[in-house]
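This is query.txt (compact mmCIF, C-alpha atoms and all ligand atoms).
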# COMPACT_ATOMS: atom_id res chain seq x y z
CA MET A 10 -52.59 10.73 -58.21
CA ASN A 11 -55.16 11.20 -60.96
CA LYS A 12 -56.18 7.80 -62.44
CA ILE A 13 -55.68 5.06 -59.86
CA LEU A 14 -55.67 1.26 -60.28
CA VAL A 15 -56.30 -0.68 -57.03
CA THR A 16 -55.60 -4.43 -56.84
CA GLY A 17 -57.16 -6.65 -54.16
CA ALA A 18 -59.84 -3.96 -53.90
CA LEU A 19 -62.48 -6.12 -52.19
CA GLY A 20 -60.29 -6.85 -49.16
CA GLN A 21 -60.26 -5.26 -45.72
CA ILE A 22 -58.25 -2.21 -46.83
CA GLY A 23 -59.27 -1.92 -50.48
CA SER A 24 -63.02 -1.98 -49.90
CA GLU A 25 -62.73 1.19 -47.78
CA LEU A 26 -59.82 2.80 -49.62
CA VAL A 27 -61.64 2.71 -52.97
CA VAL A 28 -64.66 4.48 -51.47
CA LYS A 29 -62.43 7.21 -50.02
CA LEU A 30 -60.33 7.59 -53.19
CA ARG A 31 -63.50 7.90 -55.30
CA GLU A 32 -64.77 10.65 -52.97
CA ILE A 33 -61.52 12.58 -53.41
CA TYR A 34 -60.45 11.90 -57.00
CA GLY A 35 -63.81 11.09 -58.64
CA ALA A 36 -65.53 7.73 -59.17
CA ASP A 37 -64.29 7.29 -62.76
CA HIS A 38 -60.70 7.91 -61.66
CA VAL A 39 -60.45 4.86 -59.40
CA ILE A 40 -60.38 1.44 -61.10
CA ALA A 41 -61.11 -1.25 -58.52
CA THR A 42 -59.91 -4.78 -59.37
CA ASP A 43 -59.98 -8.13 -57.61
CA LEU A 44 -59.68 -11.84 -58.29
CA ARG A 45 -63.31 -12.28 -57.33
CA SER A 46 -66.48 -10.33 -57.82
CA SER A 47 -69.03 -9.55 -55.13
CA ALA A 48 -72.11 -7.47 -54.49
CA HIS A 49 -69.98 -4.83 -52.73
CA GLU A 50 -70.86 -1.24 -53.65
CA ILE A 51 -67.38 -0.56 -55.07
CA THR A 52 -68.18 -2.92 -57.96
CA ARG A 53 -71.04 -0.57 -58.92
CA SER A 54 -69.94 2.91 -57.79
CA GLY A 55 -67.17 3.16 -60.42
CA PRO A 56 -65.06 1.01 -62.77
CA PHE A 57 -64.51 -2.55 -61.56
CA GLU A 58 -62.51 -5.28 -63.36
CA LEU A 59 -61.76 -8.89 -62.54
CA LEU A 60 -57.97 -9.21 -62.30
CA ASP A 61 -55.69 -11.98 -61.09
CA VAL A 62 -52.47 -10.13 -60.19
CA THR A 63 -50.36 -13.16 -61.08
CA ASN A 64 -51.40 -12.46 -64.70
CA GLY A 65 -49.08 -9.60 -65.67
CA GLN A 66 -50.44 -9.24 -69.21
CA SER A 67 -53.99 -8.85 -67.96
CA MET A 68 -52.87 -6.25 -65.39
CA PHE A 69 -50.99 -4.34 -68.10
CA GLU A 70 -53.99 -4.31 -70.44
CA ILE A 71 -56.36 -2.98 -67.78
CA ALA A 72 -53.87 -0.34 -66.62
CA LYS A 73 -53.22 0.79 -70.21
CA ARG A 74 -56.90 0.80 -71.19
CA TYR A 75 -57.80 3.10 -68.30
CA GLU A 76 -54.61 5.18 -68.74
CA VAL A 77 -53.77 4.94 -65.05
CA ASP A 78 -50.97 7.01 -63.54
CA THR A 79 -51.01 5.37 -60.10
CA VAL A 80 -51.01 1.73 -58.96
CA ILE A 81 -52.04 0.82 -55.42
CA HIS A 82 -51.19 -2.84 -55.07
CA LEU A 83 -53.04 -4.52 -52.20
CA ALA A 84 -53.64 -8.12 -53.36
CA ALA A 85 -51.71 -10.51 -51.11
CA LEU A 86 -51.98 -13.55 -48.88
CA LEU A 87 -51.85 -12.44 -45.24
CA SER A 88 -49.62 -13.74 -42.45
CA ALA A 89 -51.58 -16.63 -40.94
CA THR A 90 -52.79 -17.97 -44.32
CA ALA A 91 -49.34 -17.52 -45.84
CA GLU A 92 -47.87 -19.74 -43.12
CA GLU A 93 -50.41 -22.44 -44.05
CA LYS A 94 -49.78 -22.06 -47.80
CA PRO A 95 -46.19 -20.82 -48.19
CA LEU A 96 -45.80 -21.69 -51.88
CA LEU A 97 -49.03 -19.94 -52.83
CA ALA A 98 -47.92 -16.99 -50.68
CA TRP A 99 -44.60 -16.70 -52.49
CA ASN A 100 -46.21 -16.92 -55.93
CA LEU A 101 -48.97 -14.42 -55.14
CA ASN A 102 -47.09 -12.00 -52.89
CA MET A 103 -43.90 -11.83 -54.96
CA GLY A 104 -45.30 -12.63 -58.42
CA GLY A 105 -48.16 -10.14 -58.03
CA LEU A 106 -45.81 -7.45 -56.75
CA MET A 107 -43.32 -7.97 -59.57
CA ASN A 108 -46.13 -7.71 -62.15
CA ALA A 109 -47.48 -4.54 -60.51
CA LEU A 110 -43.99 -2.97 -60.45
CA GLU A 111 -43.36 -3.88 -64.10
CA VAL A 112 -46.72 -2.46 -65.22
CA SER A 113 -45.91 0.72 -63.27
CA ARG A 114 -42.41 0.93 -64.75
CA VAL A 115 -43.60 0.52 -68.34
CA LEU A 116 -46.50 2.98 -67.93
CA GLY A 117 -44.58 5.41 -65.65
CA CYS A 118 -47.03 5.15 -62.71
CA GLN A 119 -46.61 6.23 -59.12
CA PHE A 120 -46.67 3.08 -56.98
CA PHE A 121 -47.83 2.09 -53.50
CA THR A 122 -47.86 -1.25 -51.73
CA PRO A 123 -48.16 -1.99 -48.00
CA SER A 124 -45.51 -3.77 -46.02
CA SER A 125 -46.20 -4.92 -42.46
CA ILE A 126 -44.82 -5.24 -38.94
CA GLY A 127 -44.39 -8.84 -40.16
CA ALA A 128 -41.31 -7.60 -42.04
CA PHE A 129 -39.50 -7.67 -38.69
CA GLY A 130 -38.37 -10.86 -36.99
CA PRO A 131 -37.20 -12.41 -33.72
CA SER A 132 -33.79 -10.67 -33.80
CA THR A 133 -35.33 -7.19 -34.37
CA PRO A 134 -35.37 -4.93 -31.27
CA LYS A 135 -38.91 -5.46 -29.95
CA ASP A 136 -39.56 -2.16 -28.19
CA ASN A 137 -39.69 1.14 -30.04
CA THR A 138 -38.50 -0.79 -33.11
CA PRO A 139 -36.52 1.68 -35.26
CA GLN A 140 -37.29 2.55 -38.87
CA ASP A 141 -33.93 1.13 -39.97
CA THR A 142 -33.05 -2.04 -38.10
CA ILE A 143 -32.44 -5.80 -38.37
CA GLN A 144 -35.06 -7.53 -40.54
CA ARG A 145 -34.67 -11.31 -40.44
CA PRO A 146 -38.30 -12.56 -40.29
CA ASN A 147 -38.94 -16.29 -39.88
CA THR A 148 -42.36 -16.43 -41.56
CA MET A 149 -43.13 -16.69 -45.30
CA TYR A 150 -45.22 -13.51 -45.04
CA GLY A 151 -42.30 -11.70 -43.41
CA VAL A 152 -39.87 -12.95 -46.06
CA ASN A 153 -42.28 -11.70 -48.74
CA LYS A 154 -42.64 -8.30 -47.07
CA VAL A 155 -38.89 -7.69 -46.63
CA SER A 156 -38.26 -8.86 -50.20
CA GLY A 157 -41.06 -6.57 -51.36
CA GLU A 158 -39.59 -3.56 -49.54
CA LEU A 159 -36.20 -4.24 -51.14
CA LEU A 160 -37.72 -4.77 -54.58
CA CYS A 161 -39.64 -1.48 -54.37
CA ASP A 162 -36.47 0.36 -53.32
CA TYR A 163 -34.65 -1.33 -56.20
CA TYR A 164 -37.22 -0.05 -58.72
CA PHE A 165 -36.91 3.44 -57.25
CA HIS A 166 -33.10 3.49 -57.47
CA LYS A 167 -32.72 1.63 -60.76
CA TYR A 168 -35.65 3.02 -62.77
CA GLY A 169 -36.65 6.16 -60.86
CA LEU A 170 -40.08 4.61 -60.24
CA ASP A 171 -41.89 6.61 -57.53
CA THR A 172 -42.46 3.70 -55.12
CA ARG A 173 -43.82 4.34 -51.63
CA GLY A 174 -44.88 2.04 -48.80
CA LEU A 175 -46.07 1.73 -45.21
CA ARG A 176 -45.33 -0.98 -42.66
CA PHE A 177 -48.87 -1.39 -41.41
CA PRO A 178 -49.59 -2.77 -37.96
CA GLY A 179 -52.76 -4.80 -37.35
CA LEU A 180 -55.63 -2.84 -38.89
CA ILE A 181 -58.96 -2.66 -37.09
CA SER A 182 -62.15 -1.93 -39.03
CA TYR A 183 -65.89 -2.67 -39.10
CA MET A 184 -66.73 -2.65 -42.84
CA THR A 185 -64.97 -5.74 -44.22
CA PRO A 186 -63.67 -8.64 -42.11
CA PRO A 187 -59.89 -9.15 -42.07
CA GLY A 188 -58.43 -11.72 -44.44
CA GLY A 189 -56.30 -14.15 -42.40
CA GLY A 190 -53.78 -12.07 -40.47
CA THR A 191 -52.28 -12.68 -37.02
CA THR A 192 -53.95 -9.57 -35.56
CA ASP A 193 -57.48 -10.53 -36.72
CA TYR A 194 -58.37 -11.19 -33.06
CA ALA A 195 -58.37 -7.41 -32.48
CA VAL A 196 -61.25 -7.09 -34.96
CA GLU A 197 -63.10 -10.27 -33.91
CA ILE A 198 -63.14 -9.14 -30.27
CA TYR A 199 -65.33 -6.12 -31.14
CA TYR A 200 -67.80 -8.20 -33.19
CA ALA A 201 -68.00 -10.70 -30.30
CA ALA A 202 -68.48 -7.92 -27.75
CA ILE A 203 -71.60 -6.78 -29.63
CA THR A 204 -73.03 -10.20 -30.52
CA SER A 205 -72.32 -12.31 -27.41
CA GLY A 206 -70.60 -10.14 -24.79
CA ARG A 207 -67.62 -12.49 -24.59
CA TYR A 208 -64.56 -13.47 -26.63
CA THR A 209 -62.01 -16.30 -26.54
CA SER A 210 -58.65 -14.97 -27.72
CA TYR A 211 -56.26 -17.11 -29.76
CA ILE A 212 -53.50 -14.59 -28.92
CA ALA A 213 -52.08 -14.79 -25.39
CA LYS A 214 -52.41 -12.29 -22.57
CA ASP A 215 -49.45 -9.84 -22.52
CA SER A 216 -48.80 -10.21 -26.29
CA ASN A 217 -48.42 -6.56 -27.20
CA MET A 218 -48.62 -5.68 -30.88
CA ASP A 219 -49.08 -2.46 -32.82
CA MET A 220 -52.56 -1.63 -34.14
CA MET A 221 -54.22 1.18 -36.06
CA TYR A 222 -57.83 2.11 -36.88
CA MET A 223 -58.75 1.94 -40.56
CA PRO A 224 -59.52 5.69 -41.01
CA ASP A 225 -55.93 6.45 -39.93
CA ALA A 226 -54.57 3.79 -42.31
CA LEU A 227 -56.48 5.29 -45.27
CA ASP A 228 -55.29 8.80 -44.42
CA ALA A 229 -51.73 7.50 -44.12
CA ILE A 230 -51.83 5.95 -47.62
CA ILE A 231 -53.22 9.12 -49.23
CA ASN A 232 -50.96 11.51 -47.30
CA LEU A 233 -47.86 9.49 -48.15
CA MET A 234 -48.82 9.30 -51.82
CA GLU A 235 -49.47 13.06 -51.92
CA ALA A 236 -46.26 13.93 -50.03
CA ASP A 237 -43.55 15.88 -51.83
CA SER A 238 -41.07 13.32 -53.13
CA CYS A 239 -38.13 15.58 -52.15
CA ARG A 240 -39.05 15.24 -48.47
CA LEU A 241 -38.79 11.44 -48.48
CA THR A 242 -35.51 9.99 -47.28
CA HIS A 243 -37.16 6.61 -46.78
CA ARG A 244 -39.61 5.03 -49.21
CA ASN A 245 -40.15 1.33 -48.63
CA SER A 246 -41.41 1.20 -46.07
CA PHE A 247 -42.37 3.62 -43.28
CA ASN A 248 -43.20 2.41 -39.77
CA VAL A 249 -46.70 3.65 -38.83
CA THR A 250 -48.71 2.85 -35.71
CA ALA A 251 -51.37 4.30 -33.42
CA MET A 252 -51.17 2.06 -30.35
CA SER A 253 -49.43 -0.96 -28.86
CA VAL A 254 -52.00 -3.21 -27.16
CA ASP A 255 -52.58 -6.75 -25.88
CA PRO A 256 -55.97 -8.53 -25.58
CA GLU A 257 -56.41 -7.36 -21.95
CA ALA A 258 -56.01 -3.70 -22.94
CA ILE A 259 -58.63 -4.01 -25.67
CA ALA A 260 -60.99 -5.86 -23.28
CA ALA A 261 -60.53 -3.12 -20.67
CA ALA A 262 -61.38 -0.44 -23.27
CA ILE A 263 -64.47 -2.45 -24.33
CA ARG A 264 -65.58 -2.75 -20.67
CA GLU A 265 -65.66 1.06 -20.42
CA GLU A 266 -68.51 0.89 -22.95
CA LEU A 267 -69.91 -2.61 -22.19
CA PRO A 268 -69.12 -3.34 -18.52
CA GLY A 269 -70.02 -7.06 -18.52
CA PHE A 270 -67.65 -8.04 -21.36
CA ILE A 271 -65.80 -11.33 -20.70
CA LEU A 272 -62.42 -12.27 -22.19
CA ASP A 273 -60.82 -15.69 -21.92
CA TYR A 274 -58.07 -17.50 -23.81
CA ASP A 275 -57.53 -20.55 -25.99
CA VAL A 276 -54.13 -19.77 -27.51
CA ASP A 277 -53.43 -20.96 -31.06
CA PRO A 278 -49.71 -21.96 -31.05
CA LYS A 279 -49.31 -21.25 -34.76
CA ARG A 280 -50.60 -17.70 -34.73
CA GLN A 281 -48.99 -17.06 -31.32
CA ALA A 282 -45.60 -18.07 -32.77
CA ILE A 283 -46.04 -15.45 -35.52
CA ALA A 284 -47.05 -12.82 -32.95
CA ASP A 285 -44.03 -13.69 -30.78
CA SER A 286 -41.71 -12.99 -33.72
CA TRP A 287 -43.11 -9.45 -34.21
CA PRO A 288 -42.28 -6.18 -32.40
CA HIS A 289 -44.17 -5.04 -29.29
CA SER A 290 -44.19 -1.43 -30.46
CA ILE A 291 -42.67 0.35 -33.44
CA ASP A 292 -41.21 3.85 -33.77
CA ALA A 293 -43.03 5.99 -36.35
CA THR A 294 -40.72 9.05 -36.08
CA ALA A 295 -39.51 8.86 -39.70
CA ALA A 296 -43.10 8.91 -41.01
CA LYS A 297 -43.93 11.87 -38.76
CA THR A 298 -40.84 13.82 -39.78
CA GLU A 299 -40.76 13.09 -43.51
CA TRP A 300 -44.45 13.44 -44.44
CA GLY A 301 -46.34 14.42 -41.29
CA PHE A 302 -47.91 11.09 -40.29
CA GLN A 303 -50.30 11.41 -37.36
CA ALA A 304 -52.90 8.93 -36.09
CA ARG A 305 -56.19 10.45 -34.89
CA TYR A 306 -57.53 7.40 -33.04
CA ASP A 307 -56.09 5.99 -29.81
CA LEU A 308 -57.47 2.80 -28.20
CA LYS A 309 -60.27 4.60 -26.36
CA ALA A 310 -61.48 6.62 -29.35
CA MET A 311 -61.24 3.63 -31.68
CA THR A 312 -63.15 1.36 -29.27
CA LYS A 313 -65.97 3.88 -28.87
CA ASP A 314 -66.29 4.26 -32.64
CA MET A 315 -66.01 0.52 -33.44
CA LEU A 316 -68.69 -0.44 -30.93
CA SER A 317 -71.04 2.31 -32.00
CA LYS A 318 -70.63 1.53 -35.73
CA LEU A 319 -71.09 -2.22 -35.16
CA SER A 320 -74.17 -1.60 -33.00
CA GLU A 321 -75.67 0.62 -35.71
CA ARG A 322 -75.29 -2.29 -38.11
CA GLN A 323 -77.23 -4.46 -35.60
CA LEU A 324 -75.02 -7.52 -36.00
P1 LIG B 401 -57.39 -8.98 -47.55
O1 LIG B 401 -56.98 -10.39 -47.37
O2 LIG B 401 -58.54 -8.46 -46.76
O3 LIG B 401 -57.71 -8.71 -49.08
C1 LIG B 401 -56.89 -9.17 -50.11
C2 LIG B 401 -57.69 -9.13 -51.40
O4 LIG B 401 -56.84 -9.63 -52.44
C3 LIG B 401 -58.94 -9.99 -51.38
O5 LIG B 401 -60.07 -9.22 -51.78
C4 LIG B 401 -58.65 -11.12 -52.38
O6 LIG B 401 -59.79 -11.52 -53.11
C5 LIG B 401 -57.63 -10.44 -53.28
N1 LIG B 401 -56.78 -11.42 -53.97
C6 LIG B 401 -56.29 -12.59 -53.51
N2 LIG B 401 -55.58 -13.21 -54.47
C7 LIG B 401 -55.61 -12.39 -55.56
C8 LIG B 401 -55.07 -12.48 -56.87
N3 LIG B 401 -54.34 -13.53 -57.27
N4 LIG B 401 -55.31 -11.45 -57.72
C9 LIG B 401 -56.04 -10.38 -57.34
N5 LIG B 401 -56.60 -10.26 -56.12
C10 LIG B 401 -56.38 -11.25 -55.25
O7 LIG B 401 -56.08 -8.08 -47.32
P2 LIG B 401 -55.98 -6.61 -46.72
O8 LIG B 401 -56.07 -6.71 -45.26
O9 LIG B 401 -56.87 -5.69 -47.45
O10 LIG B 401 -54.44 -6.30 -47.04
C11 LIG B 401 -54.02 -5.61 -48.19
C12 LIG B 401 -52.52 -5.43 -48.11
O11 LIG B 401 -52.18 -4.78 -46.87
C13 LIG B 401 -51.71 -6.73 -48.14
O12 LIG B 401 -50.50 -6.50 -48.82
C14 LIG B 401 -51.39 -6.98 -46.69
O13 LIG B 401 -50.22 -7.73 -46.51
C15 LIG B 401 -51.21 -5.55 -46.18
N6 LIG B 401 -51.39 -5.43 -44.73
C16 LIG B 401 -52.62 -5.60 -44.18
C17 LIG B 401 -52.77 -5.49 -42.81
C18 LIG B 401 -54.10 -5.66 -42.14
O14 LIG B 401 -54.17 -5.65 -40.90
N7 LIG B 401 -55.18 -5.79 -42.87
C19 LIG B 401 -51.64 -5.21 -42.00
C20 LIG B 401 -50.41 -5.07 -42.61
C21 LIG B 401 -50.29 -5.16 -43.98

Would you mind writing the structure in this file as structure tokens?
Ligand code: NAD
Amino acid sequence: MNKILVTGALGQIGSELVVKLREIYGADHVIATDLRSSAHEITRSGPFELLDVTNGQSMFEIAKRYEVDTVIHLAALLSATAEEKPLLAWNLNMGGLMNALEVSRVLGCQFFTPSSIGAFGPSTPKDNTPQDTIQRPNTMYGVNKVSGELLCDYYFHKYGLDTRGLRFPGLISYMTPPGGGTTDYAVEIYYAAITSGRYTSYIAKDSNMDMMYMPDALDAIINLMEADSCRLTHRNSFNVTAMSVDPEAIAAAIREELPGFILDYDVDPKRQAIADSWPHSIDATAAKTEWGFQARYDLKAMTKDMLSKLSERQL
């Protein structure tokens, strides 16, 4: 990676990834783009361009003008929102991806886009879900993610495009709020712990899902992109995870820091149905073996850091 174009850069992942990439590769080497503008520091700390990823010509012109050699494509509609707006999700998630792949093919860029645990479905083995297994998701987001994985593999095999991807679990972070995913509760619960000492979960007790802290997600993207291509048997997309938790486990970890924290439930059937179709815990062995994936934060370490960072910000 030398000159990197990031789409959807103002989102939960992009807003932190761009900062980290600029630290490593230099501010002028990371071109942040998004559909919207904001006062976020990444719009000032290096190149920033307005870009709607459904406009392939516009994406091509920006990528060519900056002579990028890497595309990190993050713009997408997330699981819960995609279920509310399936047509928009298809057009954005598939149309944007196709444009980003085509721009990368024509300009010969290395390519990264995240998949998700949403790429699995109700017939996938739920525990220790293998890297290679049944993928028959029943959500629009899941359909998009499986199709995206296949499309990225297709571009690798047909055109030799260096496509790489990660199946992210729910990502927990304190910088930018999540953008409409099923695991957003696992971020909200920390904000609520600091501001009110209690949280009402829309995800049911005993619903175990994989999660990962944002610093581990950023490292995973960079380490995968920097990995020697010859070592990769898989490409799109690697299972990665740091923990499998339910709301009670997170609440218990919070109580170790804030003993009076109260958790209750008001389950949202729509988001619960999505959660029920996902794995309980995924197997990240392929990522560990092929490019050395390792998460630094477990639930306890992540909870301590989240609460201290949120307290510093005096919510
Ligand atoms: P987000 O919703 O926080 O951010 C998405 C960004 O895309 C937003 O800044 C939005 O303005 C932008 N965007 C929307 N429509 C656009 C368009 N037409 N053109 C350009 N930009 C547009 O998402 P995120 O959490 O940062 O996720 C990024 C990627 O990671 C997505 O592919 C998502 O599916 C995947 N992922 C995220 C998680 C997670 O927990 N955050 C988990 C698994 C996979």

Can you tell me which residues sit at most 7 Å away from ligand LIG 401 (chain B), counting only C-alpha atoms and all ligand atoms, written as a tab-separated table (two decimals) with C-alpha atoms, in the frame of the given file?
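Now in out.tsv:
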chain	number	residue	atom	x	y	z
A	16	THR	CA	-55.60	-4.43	-56.84
A	17	GLY	CA	-57.16	-6.65	-54.16
A	18	ALA	CA	-59.84	-3.96	-53.90
A	19	LEU	CA	-62.48	-6.12	-52.19
A	20	GLY	CA	-60.29	-6.85	-49.16
A	21	GLN	CA	-60.26	-5.26	-45.72
A	22	ILE	CA	-58.25	-2.21	-46.83
A	23	GLY	CA	-59.27	-1.92	-50.48
A	43	ASP	CA	-59.98	-8.13	-57.61
A	44	LEU	CA	-59.68	-11.84	-58.29
A	45	ARG	CA	-63.31	-12.28	-57.33
A	60	LEU	CA	-57.97	-9.21	-62.30
A	61	ASP	CA	-55.69	-11.98	-61.09
A	62	VAL	CA	-52.47	-10.13	-60.19
A	63	THR	CA	-50.36	-13.16	-61.08
A	83	LEU	CA	-53.04	-4.52	-52.20
A	84	ALA	CA	-53.64	-8.12	-53.36
A	85	ALA	CA	-51.71	-10.51	-51.11
A	86	LEU	CA	-51.98	-13.55	-48.88
A	87	LEU	CA	-51.85	-12.44	-45.24
A	101	LEU	CA	-48.97	-14.42	-55.14
A	122	THR	CA	-47.86	-1.25	-51.73
A	123	PRO	CA	-48.16	-1.99	-48.00
A	124	SER	CA	-45.51	-3.77	-46.02
A	125	SER	CA	-46.20	-4.92	-42.46
A	126	ILE	CA	-44.82	-5.24	-38.94
A	176	ARG	CA	-45.33	-0.98	-42.66
A	177	PHE	CA	-48.87	-1.39	-41.41
A	178	PRO	CA	-49.59	-2.77	-37.96
A	179	GLY	CA	-52.76	-4.80	-37.35
A	180	LEU	CA	-55.63	-2.84	-38.89
A	181	ILE	CA	-58.96	-2.66	-37.09
A	186	PRO	CA	-63.67	-8.64	-42.11
A	187	PRO	CA	-59.89	-9.15	-42.07
A	188	GLY	CA	-58.43	-11.72	-44.44
A	189	GLY	CA	-56.30	-14.15	-42.40
A	190	GLY	CA	-53.78	-12.07	-40.47
A	192	THR	CA	-53.95	-9.57	-35.56

Write out, as JSON lines, each residue of stretch 81-172 of chain A that has an atom at most 12 Å from stretch 251-264 of chain A, together with the closest pair of atoms and their distance in Å to one decimal, counting all atoms listed in the file, rows going by chain and rising number.
{"residue": "A:Ile126", "atom": "CA", "partner": "A:Ser253", "partner_atom": "CA", "distance": 11.9}
{"residue": "A:Lys135", "atom": "CA", "partner": "A:Ser253", "partner_atom": "CA", "distance": 11.5}
{"residue": "A:Asp136", "atom": "CA", "partner": "A:Ser253", "partner_atom": "CA", "distance": 10.0}
{"residue": "A:Asn137", "atom": "CA", "partner": "A:Ser253", "partner_atom": "CA", "distance": 10.0}
{"residue": "A:Thr138", "atom": "CA", "partner": "A:Ser253", "partner_atom": "CA", "distance": 11.7}

Nearby residues (all atoms listed in the file) at most 10 Å from A:Glu197, same-chain spacing under 2 positions excluded, as a PyMOL selection string: chain A and resi 181-183+186-187+192-195+199-202+208-210

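Across A:Ile203, A:His289, A:Glu235, A:Thr172, the tightest approach to A:Asp215 is made by A:His289 when counting all atoms listed in the file.
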
Gap from atom CA of A:Ile71 to atom CA of A:Cys161 - Å, one decimal: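 Result for atom CA of A:Ile71 versus atom CA of A:Cys161: 21.5 Å, one decimal.
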
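Interatomic distance, atom CA of A:Asp219 to atom CA of A:Ser290: 5.5 Å.
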
Counting all atoms listed in the file, the option among A:Pro95, A:Gly117, A:Gly35, A:Gly105 closest to A:Tyr164: A:Gly117

Starting from the point (-46.3, -17.2, -35.1), work out which residues of protein, DNA or RNA have an atom no more than 10 Å away when counting only C-alpha atoms; state them as a PDB file with C-alpha atoms, in the coordinates of the input.
ATOM      1  CA  SER A  88     -49.620 -13.740 -42.450  1.00  0.00           C
ATOM      2  CA  ALA A  89     -51.580 -16.630 -40.940  1.00  0.00           C
ATOM      3  CA  GLU A  92     -47.870 -19.740 -43.120  1.00  0.00           C
ATOM      4  CA  GLY A 127     -44.390  -8.840 -40.160  1.00  0.00           C
ATOM      5  CA  ASN A 147     -38.940 -16.290 -39.880  1.00  0.00           C
ATOM      6  CA  THR A 148     -42.360 -16.430 -41.560  1.00  0.00           C
ATOM      7  CA  THR A 191     -52.280 -12.680 -37.020  1.00  0.00           C
ATOM      8  CA  ILE A 212     -53.500 -14.590 -28.920  1.00  0.00           C
ATOM      9  CA  ASP A 277     -53.430 -20.960 -31.060  1.00  0.00           C
ATOM     10  CA  PRO A 278     -49.710 -21.960 -31.050  1.00  0.00           C
ATOM     11  CA  LYS A 279     -49.310 -21.250 -34.760  1.00  0.00           C
ATOM     12  CA  ARG A 280     -50.600 -17.700 -34.730  1.00  0.00           C
ATOM     13  CA  GLN A 281     -48.990 -17.060 -31.320  1.00  0.00           C
ATOM     14  CA  ALA A 282     -45.600 -18.070 -32.770  1.00  0.00           C
ATOM     15  CA  ILE A 283     -46.040 -15.450 -35.520  1.00  0.00           C
ATOM     16  CA  ALA A 284     -47.050 -12.820 -32.950  1.00  0.00           C
ATOM     17  CA  ASP A 285     -44.030 -13.690 -30.780  1.00  0.00           C
ATOM     18  CA  SER A 286     -41.710 -12.990 -33.720  1.00  0.00           C
ATOM     19  CA  TRP A 287     -43.110  -9.450 -34.210  1.00  0.00           C
TER      20      TRP A 287
END

Distance in Å - atom CA of A:Asn232 versus atom CA of A:Ile13: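 It comes out at 14.9 Å.
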
Centre and edges of the stretch 238-253 of chain A box, axis-aligned, 8 Å extra per side, as lines of an AutoDock Vina configuration file:
center_x = -43.4
center_y = 7.3
center_z = -41.0
size_x = 31.9
size_y = 32.5
size_z = 40.3

A:Arg145, A:Arg244, A:Arg305, A:Lys167 ranked by distance to A:Leu227, top pick (using only C-alpha atoms):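 Closest to A:Leu227 of all the choices is A:Arg305.
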
Neighbour residues at most 9 Å from (-44.0, 3.7, -40.5) (all atoms listed in the file) as a list in words: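 Here is the list of nearby residues: Gln140, Gly174, Leu175, Arg176, Phe177, Pro178, Ser246, Phe247, Asn248, Val249, Thr250, Ile291, Asp292, Ala293, Thr294, Ala295, Ala296, Lys297 and Phe302 of chain A.
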
Long-range neighbours of A:Ser46 as an MDAnalysis selection string, 9 Å cut-off, only C-alpha atoms, 4 positions minimum in chain: chainID A and resid 19 42 52 57:59

For C-alpha atoms, I'd like the residues from the last selection saved as a PDB file, in the frame of the given file.
ATOM      1  CA  LEU A  19     -62.480  -6.120 -52.190  1.00  0.00           C
ATOM      2  CA  THR A  42     -59.910  -4.780 -59.370  1.00  0.00           C
ATOM      3  CA  THR A  52     -68.180  -2.920 -57.960  1.00  0.00           C
ATOM      4  CA  PHE A  57     -64.510  -2.550 -61.560  1.00  0.00           C
ATOM      5  CA  GLU A  58     -62.510  -5.280 -63.360  1.00  0.00           C
ATOM      6  CA  LEU A  59     -61.760  -8.890 -62.540  1.00  0.00           C
TER       7      LEU A  59
END

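Residue nearest A:Glu50 within the list A:Arg173, A:Met184, A:Phe129, A:Gly65: A:Met184 [criterion: smallest interatomic distance, all atoms listed in the file].
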
Which residue of A:Met10, A:Leu26, A:Ile198, A:Ala36 approaches A:Val77 most closely, using only C-alpha atoms: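 Among the listed residues, A:Met10 lies closest to A:Val77.
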
Because some atoms of stretch 271-278 of chain A are absent here, can you restore N, CA and C atoms and send them as an mmCIF file, in the frame of the given file?
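Saved file rebuild_27.cif follows:
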data_model
loop_
_atom_site.group_PDB
_atom_site.id
_atom_site.type_symbol
_atom_site.label_atom_id
_atom_site.label_comp_id
_atom_site.auth_asym_id
_atom_site.auth_seq_id
_atom_site.Cartn_x
_atom_site.Cartn_y
_atom_site.Cartn_z
ATOM 1 N N ILE A 271 -66.679 -10.270 -21.242
ATOM 2 C CA ILE A 271 -65.800 -11.330 -20.700
ATOM 3 C C ILE A 271 -64.763 -11.724 -21.747
ATOM 4 N N LEU A 272 -63.499 -11.811 -21.306
ATOM 5 C CA LEU A 272 -62.420 -12.270 -22.190
ATOM 6 C C LEU A 272 -61.767 -13.494 -21.583
ATOM 7 N N ASP A 273 -61.656 -14.574 -22.358
ATOM 8 C CA ASP A 273 -60.820 -15.690 -21.920
ATOM 9 C C ASP A 273 -59.903 -16.103 -23.073
ATOM 10 N N TYR A 274 -59.138 -17.172 -22.844
ATOM 11 C CA TYR A 274 -58.070 -17.500 -23.810
ATOM 12 C C TYR A 274 -58.082 -18.964 -24.206
ATOM 13 N N ASP A 275 -57.824 -19.220 -25.477
ATOM 14 C CA ASP A 275 -57.530 -20.550 -25.990
ATOM 15 C C ASP A 275 -56.466 -20.312 -27.072
ATOM 16 N N VAL A 276 -55.206 -20.272 -26.636
ATOM 17 C CA VAL A 276 -54.130 -19.770 -27.510
ATOM 18 C C VAL A 276 -53.854 -20.752 -28.650
ATOM 19 N N ASP A 277 -53.771 -20.181 -29.862
ATOM 20 C CA ASP A 277 -53.430 -20.960 -31.060
ATOM 21 C C ASP A 277 -51.899 -20.891 -31.229
ATOM 22 N N PRO A 278 -51.187 -22.014 -31.025
ATOM 23 C CA PRO A 278 -49.710 -21.960 -31.050
ATOM 24 C C PRO A 278 -49.150 -21.431 -32.357
#
